[in-house]
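First comes the structure, then the notes that go with it.
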Amino acid sequence: MSRFHRRAFLHASGLALATTAAGRVWAAPPEPPRMLTRPIPSTQEPLPVIGMGTWQTFDVGPDAAEQAPLEEVLRTFVALGGTLVDSSPMYGRSEEVVGTLAVKTGLQPKLFLATKVWTSGKAEGIRQMEDSLRKLRAQRVDLMEVHNLVDAATHLDTLRAWKEEGRVRYVGVTHYTASAHDAVAKLLQSRKVDFVQINYSVGEREAEQRLLSVARERGVAVIANRPFAGGGLLQRLKRKPLPPWAAELDCESWAQLLLKFVISHPAVTCAIPATSKPSHLRDNMKAGLGRLPDEKLRARIAAEAA
């Protein structure tokens, strides 16, 4: 090979190997591991398995000092491969804070923004959704969900039109209590939606009885809220040593083990733990890396967390 062609070859290959003056050959450093993704069933668009909720955590005032930790959380979330940020008009100032920080950091184009409509009546629903777009500083959102099934039929009709107009990319419904799972399942069987958001964790497994199967059969993406059962699981387990076999799943903390239990269910697309602490965010995001438990290890996680 001529010197010219050798130089061109090395340049085209990205200089994967470098030769020192002493003649040693060094491999380029490996790329960091990437967040696992799951396809959204209705489009096959990949979605990272760990997203972020904003209930309570992003409900802060306009003061820069209050928002500084959340800005770091958002920057770190995206840097570590996250995209889906979920909010709601019932979460106080969360929508507005998410919108402000997304624009300030320049990260808005990289986010999969999800919010909700939580009111009754067509006109009031439209007003609330328009207000959410304003607070999020977005011309459209990726996902608009009917919160807790409130006036679901009315809002889903509106959202069907909004989707056709390109104002939302996906449509969904939500709930956070097991007592509503039957009603959610019936809606999934009668209406076409892209997403369902429900409570699911090792401490709240009722969705396994029917709802997760219905979602999978209907081709509906599942967002798992309350993946730590509202924080109760972590509080109870924080003094308990992490089992040694957690290393088989590349887990270094209870938070990672509990999240891997959630996202390893074949019907689950994404889990959305909420935090306002950058250190907790980094811990959560590691759950989207490495090996996931099979049924045997899922059973061991459930037994350890019982």
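Identifiers for the structure tokens are assigned positionally: chains receive A, B, ... in sequence, residues are indexed from 1 per chain, and ligands are indexed from 1 in the order shown.
Counting only C-alpha atoms, Gln209 of chain A has the following residues at most 12 Å away, ignoring those fewer than 2 positions along the same chain: Ala178, His181, Asp182, Ala185, Tyr200, Glu204, Arg205, Glu206, Ala207, Leu211, Leu212, Ser213, Val214 and Ala215 of chain A.
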Fewer than 6 positions away in the same chain doesn't count, so skip those; otherwise give me all residues within 8 Å of Pro278 of chain A, counting only C-alpha atoms, as a PyMOL selection string. chain A and resi 69-70+72-73+76
Would you give me, as a PyMOL selection string, the residues in segment 23-259 of chain A that DSSP reads as strand (DSSP E)? chain A and resi 25-27+37-39+46-48+52-53+84-86+112-117+141-146+168-174+195-199+221-225
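Excluding segment 218-223 of chain A itself and any same-chain residue fewer than 5 positions from it, the protein and nucleic acid residues within 9 Å of it, counting only C-alpha atoms, are Pro39, Ile40, Pro41, Ser42, Gly51, Gly172, Thr174, Leu188, Gln189, Lys192, Val193, Asp194, Phe195, Val196, Gln197, Ile198, Asn199, Tyr200, Leu212, Ser213, Ala267, Val268, Thr269, Cys270, Ala271 and Ile272 of chain A.
The residue that comes closest to Glu66 of chain A, out of A:Lys260, A:Pro109, A:Leu101, A:Phe228 and on the basis of only C-alpha atoms, is A:Leu101.
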Using only C-alpha atoms, determine which residues lie at most 10 Å from Glu248 of chain A, disregarding the query and same-chain residues fewer than 2 positions distant; provide the list as a list in words.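 Contacts, with the query itself left out: Pro244, Trp245, Ala246, Asp250, Cys251, Gly290, Arg291, Leu292, Pro293 and Leu297 of chain A.
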What does the file look like for those residues with all heavy atoms, as a CSV table (one decimal), in the first residue's frame?
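Result saved to part00.csv:
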chain,number,residue,atom,x,y,z
A,244,PRO,N,-25.4,-10.1,46.8
A,244,PRO,CA,-24.2,-10.2,45.9
A,244,PRO,C,-24.5,-10.5,44.5
A,244,PRO,O,-23.8,-10.1,43.6
A,244,PRO,CB,-23.4,-11.3,46.6
A,244,PRO,CG,-23.9,-11.4,48.0
A,244,PRO,CD,-25.3,-10.9,48.0
A,245,TRP,N,-25.6,-11.2,44.2
A,245,TRP,CA,-26.0,-11.6,42.9
A,245,TRP,C,-26.4,-10.4,42.0
A,245,TRP,O,-26.6,-10.6,40.8
A,245,TRP,CB,-27.0,-12.7,42.8
A,245,TRP,CG,-28.2,-12.5,43.7
A,245,TRP,CD1,-28.4,-13.0,45.0
A,245,TRP,CD2,-29.4,-11.8,43.4
A,245,TRP,NE1,-29.6,-12.6,45.5
A,245,TRP,CE2,-30.2,-11.9,44.5
A,245,TRP,CE3,-29.8,-11.0,42.3
A,245,TRP,CZ2,-31.5,-11.2,44.5
A,245,TRP,CZ3,-31.0,-10.4,42.3
A,245,TRP,CH2,-31.8,-10.5,43.4
A,246,ALA,N,-26.7,-9.3,42.7
A,246,ALA,CA,-27.0,-8.1,41.9
A,246,ALA,C,-25.9,-7.7,40.9
A,246,ALA,O,-26.2,-7.1,39.8
A,246,ALA,CB,-27.3,-6.9,42.8
A,250,ASP,N,-25.3,-6.2,36.7
A,250,ASP,CA,-24.6,-4.9,36.6
A,250,ASP,C,-25.2,-3.8,37.5
A,250,ASP,O,-25.1,-2.6,37.2
A,250,ASP,CB,-24.5,-4.4,35.2
A,250,ASP,CG,-23.9,-5.5,34.2
A,250,ASP,OD1,-22.8,-6.0,34.5
A,250,ASP,OD2,-24.7,-5.9,33.3
A,251,CYS,N,-25.7,-4.2,38.6
A,251,CYS,CA,-26.4,-3.3,39.5
A,251,CYS,C,-25.5,-3.0,40.7
A,251,CYS,O,-24.9,-3.9,41.3
A,251,CYS,CB,-27.7,-3.9,40.0
A,251,CYS,SG,-29.0,-3.9,38.8
A,290,GLY,N,-26.5,-2.4,30.6
A,290,GLY,CA,-26.1,-3.7,31.0
A,290,GLY,C,-27.2,-4.7,30.9
A,290,GLY,O,-28.2,-4.6,30.3
A,291,ARG,N,-27.0,-5.8,31.7
A,291,ARG,CA,-27.9,-7.0,31.7
A,291,ARG,C,-29.2,-6.7,32.4
A,291,ARG,O,-29.2,-6.0,33.4
A,291,ARG,CB,-27.2,-8.2,32.2
A,291,ARG,CG,-26.0,-8.6,31.4
A,291,ARG,CD,-25.1,-9.6,32.2
A,291,ARG,NE,-24.3,-8.9,33.2
A,291,ARG,CZ,-23.4,-9.5,33.9
A,291,ARG,NH1,-23.1,-10.7,33.8
A,291,ARG,NH2,-22.7,-8.8,34.8
A,292,LEU,N,-30.3,-7.4,31.9
A,292,LEU,CA,-31.6,-7.3,32.5
A,292,LEU,C,-31.9,-8.7,33.1
A,292,LEU,O,-31.4,-9.7,32.6
A,292,LEU,CB,-32.7,-6.9,31.5
A,292,LEU,CG,-32.6,-5.5,31.0
A,292,LEU,CD1,-33.7,-5.3,30.0
A,292,LEU,CD2,-32.7,-4.5,32.1
A,293,PRO,N,-32.7,-8.8,34.2
A,293,PRO,CA,-33.1,-10.0,34.8
A,293,PRO,C,-34.0,-10.9,33.9
A,293,PRO,O,-34.9,-10.4,33.3
A,293,PRO,CB,-33.7,-9.7,36.1
A,293,PRO,CG,-34.3,-8.3,35.8
A,293,PRO,CD,-33.3,-7.6,34.9
A,297,LEU,N,-34.4,-14.4,37.9
A,297,LEU,CA,-33.8,-13.3,38.7
A,297,LEU,C,-34.9,-12.2,39.1
A,297,LEU,O,-34.8,-11.6,40.1
A,297,LEU,CB,-32.7,-12.6,37.9
A,297,LEU,CG,-31.4,-13.4,37.9
A,297,LEU,CD1,-30.4,-12.7,37.0
A,297,LEU,CD2,-30.8,-13.5,39.3
Spatial neighbours of Tyr170 of chain A, 12 Å, only C-alpha atoms, chain gap at least 3 places, as JSON, numbers by chain: {"A": [40, 41, 42, 43, 45, 112, 113, 114, 115, 116, 140, 141, 142, 143, 144, 145, 146, 156, 159, 160, 161, 162, 163, 164, 165, 166, 167, 173, 192, 193, 194, 195, 196, 220, 221]}
DSSP-assigned helix (DSSP H, G or I) members of segment 133-227 of chain A, reported as an MDAnalysis selection string: chainID A and resid 133:136 147:149 152:165 178:190 206:209 211:218
Near Arg34 of chain A, within 10 Å and counting only C-alpha atoms, which residues show up once chain neighbours fewer than 2 positions away are dropped, as a ChimeraX atom specification? /A:31-32,36-37,48,80-81,286,288-290
Could you tell me which of A:Pro89, A:Pro227, A:Gly121, A:Gly61 comes closest to Thr154 of chain A if we count only C-alpha atoms?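 Of A:Pro89, A:Pro227, A:Gly121, A:Gly61, the one nearest Thr154 of chain A is A:Gly121, counting only C-alpha atoms.
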Å distance separating atom CA of Met90 of chain A from atom CA of Leu258 of chain A, one decimal place: 26.6 Å
Nearest candidate to Pro243 of chain A (options A:Lys277, A:His147, A:Arg300, A:Arg210; using only C-alpha atoms):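 When distances to Pro243 of chain A are compared using only C-alpha atoms, the smallest one comes from A:Arg300.
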State, in Å with one decimal place, the distance from atom CA of Thr54 of chain A to atom CA of Gly230 of chain A.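 Separation between atom CA of Thr54 of chain A and atom CA of Gly230 of chain A: 12.7 Å.
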